[in-house]
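Colleague: mmCIF, C-alpha atoms, file structure-v6.cif:
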data_query
#
loop_
_atom_site.label_atom_id
_atom_site.label_comp_id
_atom_site.auth_asym_id
_atom_site.auth_seq_id
_atom_site.Cartn_x
_atom_site.Cartn_y
_atom_site.Cartn_z
CA MET K 1 -40.26 52.99 41.54
CA ASP K 2 -37.65 55.46 40.90
CA THR K 3 -35.56 55.60 37.76
CA GLY K 4 -32.47 54.28 39.52
CA THR K 5 -34.28 51.12 40.57
CA ILE K 6 -35.73 50.65 37.09
CA ALA K 7 -32.28 51.15 35.59
CA ALA K 8 -30.84 48.59 38.02
CA ILE K 9 -33.56 46.05 37.19
CA ILE K 10 -33.06 46.57 33.44
CA GLY K 11 -29.29 46.31 33.85
CA ALA K 12 -29.60 43.12 35.91
CA SER K 13 -32.03 41.63 33.41
CA ALA K 14 -29.70 42.48 30.55
CA GLY K 15 -26.83 40.89 32.47
CA ILE K 16 -28.83 37.70 33.04
CA VAL K 17 -29.90 37.54 29.38
CA GLY K 18 -26.31 38.19 28.32
CA ALA K 19 -25.03 35.45 30.61
CA ILE K 20 -27.60 33.00 29.25
CA VAL K 21 -26.83 33.85 25.63
CA GLY K 22 -23.07 33.84 26.22
CA GLY K 23 -23.21 30.58 28.16
CA GLY K 24 -25.39 28.98 25.51
CA GLY K 25 -22.99 30.15 22.81
CA ALA K 26 -20.05 28.74 24.75
CA LEU K 27 -21.85 25.41 25.18
CA LEU K 28 -22.72 25.32 21.48
CA ALA K 29 -19.11 26.11 20.52
CA ALA K 30 -17.85 23.40 22.87
CA ARG K 31 -20.30 20.91 21.38
CA ILE K 32 -19.24 21.76 17.81
CA THR K 33 -15.57 21.45 18.75
CA ALA K 34 -16.20 18.09 20.40
CA VAL K 35 -18.10 16.75 17.38
CA LYS K 36 -15.39 17.92 14.96
CA GLY K 37 -12.69 16.46 17.21
CA ALA K 38 -14.49 13.12 17.38
CA ALA K 39 -14.93 13.06 13.60
CA ALA K 40 -11.24 13.87 13.10
CA ALA K 41 -10.22 11.17 15.57
CA GLN K 42 -12.44 8.63 13.83
CA ALA K 43 -11.05 9.57 10.41
CA GLN K 44 -7.49 9.24 11.74
CA TRP K 45 -8.33 5.86 13.29
CA HIS K 46 -9.78 4.68 9.96
CA ARG K 47 -6.69 5.84 8.01
CA GLN K 48 -4.41 4.07 10.48
CA SER K 49 -6.54 0.92 10.39
CA ARG K 50 -6.48 0.96 6.58
CA ARG K 51 -2.71 1.58 6.57
CA ASP K 52 -2.15 -1.35 8.95
CA ALA K 53 -4.32 -3.68 6.85
CA TYR K 54 -2.49 -2.84 3.62
CA ALA K 55 0.91 -3.04 5.27
CA LYS K 56 0.13 -6.49 6.68
CA LEU K 57 -1.04 -7.83 3.31
CA ILE K 58 1.95 -6.41 1.46
CA LEU K 59 4.43 -7.65 4.06
CA VAL K 60 3.12 -11.21 4.31
CA SER K 61 2.78 -11.43 0.51
CA GLN K 62 6.35 -10.29 0.03
CA GLU K 63 7.58 -12.81 2.60
CA VAL K 64 5.77 -15.65 0.82
CA ALA K 65 7.07 -14.45 -2.56
CA GLU K 66 10.63 -14.35 -1.19
CA ASP K 67 10.26 -17.90 0.12
CA ILE K 68 8.99 -18.98 -3.30
CA TYR K 69 11.95 -17.22 -4.90
CA ARG K 70 14.39 -19.14 -2.66
CA PHE K 71 12.69 -22.36 -3.74
CA HIS K 72 12.98 -21.26 -7.37
CA ARG K 73 16.70 -20.60 -6.91
CA THR K 74 17.17 -24.06 -5.38
CA VAL K 75 15.56 -25.58 -8.47
CA HIS K 76 17.87 -23.69 -10.81
CA GLU K 77 20.91 -24.69 -8.78
CA GLY K 78 19.87 -28.32 -9.27
CA ASN K 79 19.46 -29.00 -5.54
CA LEU K 80 15.77 -29.80 -5.50
CA SER K 81 14.43 -32.95 -3.90
CA ARG K 82 10.84 -34.05 -3.49
CA GLU K 83 11.30 -33.92 0.30
CA TYR K 84 12.44 -30.29 0.16
CA ALA K 85 9.54 -29.51 -2.18
CA ALA K 86 7.09 -31.17 0.25
CA GLU K 87 8.46 -29.19 3.22
CA THR K 88 8.31 -25.92 1.30
CA TYR K 89 4.85 -26.66 -0.06
CA THR K 90 3.52 -27.37 3.45
CA ARG K 91 5.11 -24.26 4.94
CA LEU K 92 3.87 -21.98 2.17
CA THR K 93 0.39 -23.47 2.21
CA GLU K 94 0.20 -22.65 5.91
CA ARG K 95 1.45 -19.10 5.27
CA MET K 96 -1.33 -18.58 2.72
CA THR K 97 -3.77 -18.51 5.63
CA GLU K 98 -2.05 -15.29 6.70
CA VAL K 99 -2.27 -13.90 3.17
CA ARG K 100 -6.00 -14.70 3.00
CA ALA K 101 -6.67 -13.07 6.38
CA ALA K 102 -4.68 -9.97 5.43
CA LYS K 103 -6.48 -9.80 2.07
CA ILE K 104 -9.87 -9.88 3.79
CA ALA K 105 -8.80 -7.17 6.26
CA ALA K 106 -7.61 -4.92 3.43
CA GLU K 107 -10.86 -5.44 1.53
CA ILE K 108 -12.91 -4.63 4.62
CA GLU K 109 -11.00 -1.37 5.01
CA GLY K 110 -11.76 -0.52 1.39
CA PRO K 111 -12.30 1.35 -0.74
CA ASP K 112 -14.74 -0.41 -3.04
CA ASP K 113 -13.18 -2.55 -5.78
CA VAL K 114 -9.82 -2.88 -3.96
CA ASP K 115 -10.13 -6.60 -4.65
CA ARG K 116 -8.85 -5.84 -8.19
CA PHE K 117 -5.46 -5.45 -6.49
CA THR K 118 -5.73 -7.83 -3.53
CA GLY K 119 -7.17 -10.72 -5.56
CA PRO K 120 -4.29 -11.09 -8.02
CA VAL K 121 -1.79 -11.22 -5.16
CA LEU K 122 -3.60 -14.15 -3.56
CA ILE K 123 -4.41 -15.97 -6.80
CA ASN K 124 -0.91 -15.78 -8.24
CA LEU K 125 0.81 -16.78 -5.01
CA LEU K 126 -1.55 -19.75 -4.85
CA ARG K 127 -0.74 -20.66 -8.48
CA ALA K 128 2.96 -20.56 -7.72
CA ILE K 129 2.56 -22.67 -4.58
CA GLU K 130 0.41 -25.22 -6.36
CA GLY K 131 3.07 -25.37 -9.06
CA LEU K 132 5.71 -26.43 -6.55
CA HIS K 133 3.65 -29.31 -5.17
CA PRO K 134 5.96 -32.37 -5.09
CA ASN K 135 3.59 -34.38 -7.27
CA GLY K 136 3.52 -31.62 -9.88
CA LEU K 137 7.27 -31.42 -10.34
CA VAL K 138 8.55 -32.64 -13.67
CA GLU K 139 11.71 -34.67 -14.12
CA GLU K 140 13.92 -33.64 -17.04
CA ASP K 141 17.41 -34.97 -17.64
CA GLY K 142 17.48 -36.53 -14.18
CA ARG K 143 16.59 -33.23 -12.46
CA LEU K 144 13.33 -31.97 -11.02
CA VAL K 145 11.98 -28.86 -12.72
CA LEU K 146 8.99 -26.67 -12.10
CA PRO K 147 5.86 -26.84 -14.25
CA GLU K 148 4.63 -23.88 -16.29
CA ALA K 149 1.85 -23.17 -13.75
CA PHE K 150 4.52 -22.27 -11.21
CA GLN K 151 6.31 -19.91 -13.59
CA THR K 152 3.07 -18.13 -14.51
CA GLY K 153 1.91 -17.69 -10.92
CA PHE K 154 5.32 -16.64 -9.69
CA GLY K 155 5.82 -14.16 -12.52
CA GLN K 156 2.38 -12.62 -12.15
CA ALA K 157 2.78 -12.35 -8.35
CA GLY K 158 5.91 -10.35 -9.11
CA PHE K 159 3.67 -7.76 -10.77
CA ALA K 160 0.64 -8.06 -8.47
CA ILE K 161 2.50 -7.17 -5.25
CA PRO K 162 4.01 -3.90 -6.60
CA ASN K 163 0.61 -3.03 -8.12
CA LEU K 164 -1.00 -3.50 -4.70
CA THR K 165 1.73 -1.44 -3.03
CA TRP K 166 1.20 1.40 -5.51
CA CYS K 167 -2.57 1.19 -5.06
CA ALA K 168 -2.27 1.31 -1.26
CA ARG K 169 -0.04 4.37 -1.45
CA GLU K 170 -2.53 6.14 -3.74
CA ILE K 171 -5.48 5.30 -1.50
CA LEU K 172 -3.71 6.33 1.69
CA SER K 173 -2.50 9.65 0.27
CA ALA K 174 -5.86 10.73 -1.17
CA HIS K 175 -8.73 10.75 1.29
CA ASP K 176 -11.41 11.11 -1.37
CA ILE K 177 -10.88 7.79 -3.16
CA THR K 178 -14.08 5.78 -2.74
CA SER K 179 -13.38 3.16 -5.41
CA ALA K 180 -10.17 1.51 -6.58
CA SER K 181 -11.66 0.85 -10.02
CA SER K 182 -10.26 4.10 -11.41
CA LEU K 183 -6.69 3.42 -10.25
CA ARG K 184 -4.22 2.40 -12.98
CA PRO K 185 -0.91 1.15 -11.61
CA PRO K 186 2.15 2.00 -13.66
CA PHE K 187 3.90 -1.37 -13.25
CA HIS K 188 1.87 -3.72 -15.40
CA GLY K 189 -1.04 -3.48 -17.79
CA HIS K 190 -3.06 -6.32 -16.30
CA THR K 191 -3.28 -7.78 -12.84
CA TRP K 192 -4.62 -11.29 -13.47
#
Could you render the structure from this file as structure tokens?
Modeller:
Amino acid sequence: MDTGTIAAIIGASAGIVGAIVGGGGALLAARITAVKGAAAAQAQWHRQSRRDAYAKLILVSQEVAEDIYRFHRTVHEGNLSREYAAETYTRLTERMTEVRAAKIAAEIEGPDDVDRFTGPVLINLLRAIEGLHPNGLVEEDGRLVLPEAFQTGFGQAGFAIPNLTWCAREILSAHDITSASSLRPPFHGHTW
């Protein structure tokens, strides 16, 4: 063989090796980009799912608390009847199914120990609702009044919902929170 042929064979071989290495590098880069893109999409989906779960729990809890507040106002205006109490009790008891479902969804989304904020919302709304049961109403001076259990539950729910809202905002803004146990809401010293 002459040197021109040898040079051509070496050049062709180098071209083939270069194409293989370059193609392999391009495939590897594409694979890395795809994996990172999938991880980013999954992280975004999880943040959105968590945001939706918290928003649902906060919204339905606030709606129930507002309904309880309207009931409370009716009592203070002296317009309470056992029939109205029974209707309100039934309606709110049914709404608590939504609160429970939203609480479970938020706890599934995490982080760990988020039940320190979701639990008080549920428990205190339930206390307030139980306190407005028609059979639990107390008659004073010819008017129906609410028992102390209602006042306690209603008052504590008024702290628990803002605490949960603050907690959700903290969790959603910091991606590295793996446990809610270290969070200290500014609104109230205790949540139960």
Colleague: Just to confirm, what's the straight-line distance from atom CA of Gly153 of chain K to atom CA of His72 of chain K in Å (one decimal)?
Modeller: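 Computing the Euclidean distance for atom CA of Gly153 of chain K and atom CA of His72 of chain K yields 12.2 Å.
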Colleague: Could you list, as a short mmCIF file (atom, residue, chain, number, x, y, z; two decimals) with C-alpha atoms, in the frame of the given file, every residue within 6 Å of segment 155-169 of chain K, counting all atoms listed in the file and ignoring same-chain residues fewer than 5 positions away?
Modeller:
data_model
loop_
_atom_site.label_atom_id
_atom_site.label_comp_id
_atom_site.auth_asym_id
_atom_site.auth_seq_id
_atom_site.Cartn_x
_atom_site.Cartn_y
_atom_site.Cartn_z
CA PHE K 117 -5.46 -5.45 -6.49
CA PRO K 120 -4.29 -11.09 -8.02
CA VAL K 121 -1.79 -11.22 -5.16
CA ASN K 124 -0.91 -15.78 -8.24
CA LEU K 125 0.81 -16.78 -5.01
CA PRO K 185 -0.91 1.15 -11.61
CA THR K 191 -3.28 -7.78 -12.84
#
Colleague: Quick one: residues within 12 Å of Ile177 of chain K, only C-alpha atoms counted, chain neighbours fewer than 2 positions away excluded, as a ChimeraX atom specification?
Modeller: /K:110-114,167-175,179-183
Colleague: Show which residues sit within 12 Å of Tyr84 of chain K, as a count of residues only. Count all atoms listed in the file, and ignore same-chain residues fewer than 6 positions away.
Modeller: 12
Colleague: Please evaluate the PyMOL selection byres ((chain K and resi 57) around 9) against the displayed coordinates and give the resulting residues as a compact mmCIF listing (two decimals) with C-alpha atoms, in the frame of the given file.
Modeller:
# COMPACT_ATOMS: atom_id res chain seq x y z
CA ASP K 52 -2.15 -1.35 8.95
CA ALA K 53 -4.32 -3.68 6.85
CA TYR K 54 -2.49 -2.84 3.62
CA ALA K 55 0.91 -3.04 5.27
CA LYS K 56 0.13 -6.49 6.68
CA ILE K 58 1.95 -6.41 1.46
CA LEU K 59 4.43 -7.65 4.06
CA VAL K 60 3.12 -11.21 4.31
CA SER K 61 2.78 -11.43 0.51
CA GLN K 62 6.35 -10.29 0.03
CA GLU K 98 -2.05 -15.29 6.70
CA VAL K 99 -2.27 -13.90 3.17
CA ARG K 100 -6.00 -14.70 3.00
CA ALA K 101 -6.67 -13.07 6.38
CA ALA K 102 -4.68 -9.97 5.43
CA LYS K 103 -6.48 -9.80 2.07
CA ALA K 105 -8.80 -7.17 6.26
CA ALA K 106 -7.61 -4.92 3.43
CA THR K 118 -5.73 -7.83 -3.53
Colleague: Kindly compute an axis-aligned box around the listed atoms of segment 159-177 of chain K, allowing 8 Å on each side, and express its centre and edge lengths in Å to one decimal as lines of an AutoDock Vina configuration file.
Modeller:
center_x = -3.7
center_y = 1.5
center_z = -4.5
size_x = 31.4
size_y = 35.2
size_z = 28.5
Colleague: Rebuild segment 85-96 of chain K so that it carries all heavy atoms, then output the result as a PDB file, in the frame of the given file.
Modeller:
ATOM      1  N   ALA K  85      10.749 -30.067  -1.555  1.00  0.00           N
ATOM      2  CA  ALA K  85       9.540 -29.510  -2.180  1.00  0.00           C
ATOM      3  C   ALA K  85       8.336 -29.705  -1.265  1.00  0.00           C
ATOM      4  O   ALA K  85       7.521 -28.791  -1.097  1.00  0.00           O
ATOM      5  CB  ALA K  85       9.294 -30.146  -3.537  1.00  0.00           C
ATOM      6  N   ALA K  86       8.216 -30.888  -0.649  1.00  0.00           N
ATOM      7  CA  ALA K  86       7.090 -31.170   0.250  1.00  0.00           C
ATOM      8  C   ALA K  86       7.128 -30.256   1.471  1.00  0.00           C
ATOM      9  O   ALA K  86       6.095 -29.716   1.889  1.00  0.00           O
ATOM     10  CB  ALA K  86       7.092 -32.630   0.667  1.00  0.00           C
ATOM     11  N   GLU K  87       8.323 -30.078   2.049  1.00  0.00           N
ATOM     12  CA  GLU K  87       8.460 -29.190   3.220  1.00  0.00           C
ATOM     13  C   GLU K  87       8.085 -27.755   2.851  1.00  0.00           C
ATOM     14  O   GLU K  87       7.362 -27.083   3.588  1.00  0.00           O
ATOM     15  CB  GLU K  87       9.891 -29.221   3.744  1.00  0.00           C
ATOM     16  CG  GLU K  87      10.300 -30.514   4.390  1.00  0.00           C
ATOM     17  CD  GLU K  87      11.805 -30.572   4.658  1.00  0.00           C
ATOM     18  OE1 GLU K  87      12.499 -29.536   4.494  1.00  0.00           O
ATOM     19  OE2 GLU K  87      12.280 -31.658   5.038  1.00  0.00           O
ATOM     20  N   THR K  88       8.582 -27.298   1.729  1.00  0.00           N
ATOM     21  CA  THR K  88       8.310 -25.920   1.300  1.00  0.00           C
ATOM     22  C   THR K  88       6.836 -25.749   0.978  1.00  0.00           C
ATOM     23  O   THR K  88       6.215 -24.759   1.366  1.00  0.00           O
ATOM     24  CB  THR K  88       9.172 -25.568   0.066  1.00  0.00           C
ATOM     25  OG1 THR K  88      10.548 -25.761   0.403  1.00  0.00           O
ATOM     26  CG2 THR K  88       8.958 -24.132  -0.360  1.00  0.00           C
ATOM     27  N   TYR K  89       6.271 -26.712   0.291  1.00  0.00           N
ATOM     28  CA  TYR K  89       4.850 -26.660  -0.060  1.00  0.00           C
ATOM     29  C   TYR K  89       3.995 -26.567   1.204  1.00  0.00           C
ATOM     30  O   TYR K  89       3.087 -25.733   1.293  1.00  0.00           O
ATOM     31  CB  TYR K  89       4.458 -27.881  -0.889  1.00  0.00           C
ATOM     32  CG  TYR K  89       3.000 -27.921  -1.237  1.00  0.00           C
ATOM     33  CD1 TYR K  89       2.504 -27.167  -2.294  1.00  0.00           C
ATOM     34  CD2 TYR K  89       2.112 -28.706  -0.511  1.00  0.00           C
ATOM     35  CE1 TYR K  89       1.164 -27.187  -2.614  1.00  0.00           C
ATOM     36  CE2 TYR K  89       0.774 -28.738  -0.820  1.00  0.00           C
ATOM     37  CZ  TYR K  89       0.292 -27.973  -1.874  1.00  0.00           C
ATOM     38  OH  TYR K  89      -1.044 -27.990  -2.183  1.00  0.00           O
ATOM     39  N   THR K  90       4.283 -27.385   2.200  1.00  0.00           N
ATOM     40  CA  THR K  90       3.520 -27.370   3.450  1.00  0.00           C
ATOM     41  C   THR K  90       3.648 -26.029   4.152  1.00  0.00           C
ATOM     42  O   THR K  90       2.652 -25.443   4.594  1.00  0.00           O
ATOM     43  CB  THR K  90       3.986 -28.515   4.380  1.00  0.00           C
ATOM     44  OG1 THR K  90       3.785 -29.761   3.700  1.00  0.00           O
ATOM     45  CG2 THR K  90       3.230 -28.515   5.690  1.00  0.00           C
ATOM     46  N   ARG K  91       4.868 -25.532   4.259  1.00  0.00           N
ATOM     47  CA  ARG K  91       5.110 -24.260   4.940  1.00  0.00           C
ATOM     48  C   ARG K  91       4.379 -23.113   4.233  1.00  0.00           C
ATOM     49  O   ARG K  91       3.710 -22.299   4.863  1.00  0.00           O
ATOM     50  CB  ARG K  91       6.608 -23.970   5.015  1.00  0.00           C
ATOM     51  CG  ARG K  91       6.952 -22.687   5.751  1.00  0.00           C
ATOM     52  CD  ARG K  91       8.437 -22.428   5.880  1.00  0.00           C
ATOM     53  NE  ARG K  91       9.084 -22.239   4.584  1.00  0.00           N
ATOM     54  CZ  ARG K  91       9.874 -23.125   3.988  1.00  0.00           C
ATOM     55  NH1 ARG K  91      10.145 -24.284   4.565  1.00  0.00           N
ATOM     56  NH2 ARG K  91      10.411 -22.881   2.801  1.00  0.00           N
ATOM     57  N   LEU K  92       4.495 -23.069   2.908  1.00  0.00           N
ATOM     58  CA  LEU K  92       3.870 -21.980   2.170  1.00  0.00           C
ATOM     59  C   LEU K  92       2.344 -22.084   2.170  1.00  0.00           C
ATOM     60  O   LEU K  92       1.649 -21.059   2.201  1.00  0.00           O
ATOM     61  CB  LEU K  92       4.404 -21.924   0.744  1.00  0.00           C
ATOM     62  CG  LEU K  92       5.859 -21.475   0.639  1.00  0.00           C
ATOM     63  CD1 LEU K  92       6.337 -21.572  -0.801  1.00  0.00           C
ATOM     64  CD2 LEU K  92       6.031 -20.066   1.178  1.00  0.00           C
ATOM     65  N   THR K  93       1.836 -23.288   2.137  1.00  0.00           N
ATOM     66  CA  THR K  93       0.390 -23.470   2.210  1.00  0.00           C
ATOM     67  C   THR K  93      -0.133 -22.933   3.535  1.00  0.00           C
ATOM     68  O   THR K  93      -1.178 -22.271   3.582  1.00  0.00           O
ATOM     69  CB  THR K  93       0.021 -24.959   2.039  1.00  0.00           C
ATOM     70  OG1 THR K  93       0.502 -25.401   0.763  1.00  0.00           O
ATOM     71  CG2 THR K  93      -1.471 -25.170   2.102  1.00  0.00           C
ATOM     72  N   GLU K  94       0.593 -23.186   4.610  1.00  0.00           N
ATOM     73  CA  GLU K  94       0.200 -22.650   5.910  1.00  0.00           C
ATOM     74  C   GLU K  94       0.282 -21.129   5.929  1.00  0.00           C
ATOM     75  O   GLU K  94      -0.575 -20.459   6.508  1.00  0.00           O
ATOM     76  CB  GLU K  94       1.070 -23.251   7.012  1.00  0.00           C
ATOM     77  CG  GLU K  94       0.799 -24.722   7.250  1.00  0.00           C
ATOM     78  CD  GLU K  94       1.843 -25.402   8.124  1.00  0.00           C
ATOM     79  OE1 GLU K  94       2.812 -24.730   8.560  1.00  0.00           O
ATOM     80  OE2 GLU K  94       1.684 -26.617   8.379  1.00  0.00           O
ATOM     81  N   ARG K  95       1.300 -20.568   5.302  1.00  0.00           N
ATOM     82  CA  ARG K  95       1.450 -19.100   5.270  1.00  0.00           C
ATOM     83  C   ARG K  95       0.326 -18.432   4.468  1.00  0.00           C
ATOM     84  O   ARG K  95       0.001 -17.275   4.693  1.00  0.00           O
ATOM     85  CB  ARG K  95       2.788 -18.694   4.643  1.00  0.00           C
ATOM     86  CG  ARG K  95       4.042 -19.032   5.367  1.00  0.00           C
ATOM     87  CD  ARG K  95       4.318 -18.267   6.642  1.00  0.00           C
ATOM     88  NE  ARG K  95       4.088 -16.853   6.706  1.00  0.00           N
ATOM     89  CZ  ARG K  95       4.978 -15.902   6.471  1.00  0.00           C
ATOM     90  NH1 ARG K  95       6.188 -16.203   6.095  1.00  0.00           N
ATOM     91  NH2 ARG K  95       4.658 -14.627   6.622  1.00  0.00           N
ATOM     92  N   MET K  96      -0.264 -19.169   3.528  1.00  0.00           N
ATOM     93  CA  MET K  96      -1.330 -18.580   2.720  1.00  0.00           C
ATOM     94  C   MET K  96      -2.554 -18.244   3.563  1.00  0.00           C
ATOM     95  O   MET K  96      -3.343 -17.382   3.185  1.00  0.00           O
ATOM     96  CB  MET K  96      -1.690 -19.503   1.551  1.00  0.00           C
ATOM     97  CG  MET K  96      -0.630 -19.532   0.457  1.00  0.00           C
ATOM     98  SD  MET K  96      -0.123 -17.901  -0.139  1.00  0.00           S
ATOM     99  CE  MET K  96      -1.622 -17.370  -0.953  1.00  0.00           C
TER     100      MET K  96
END
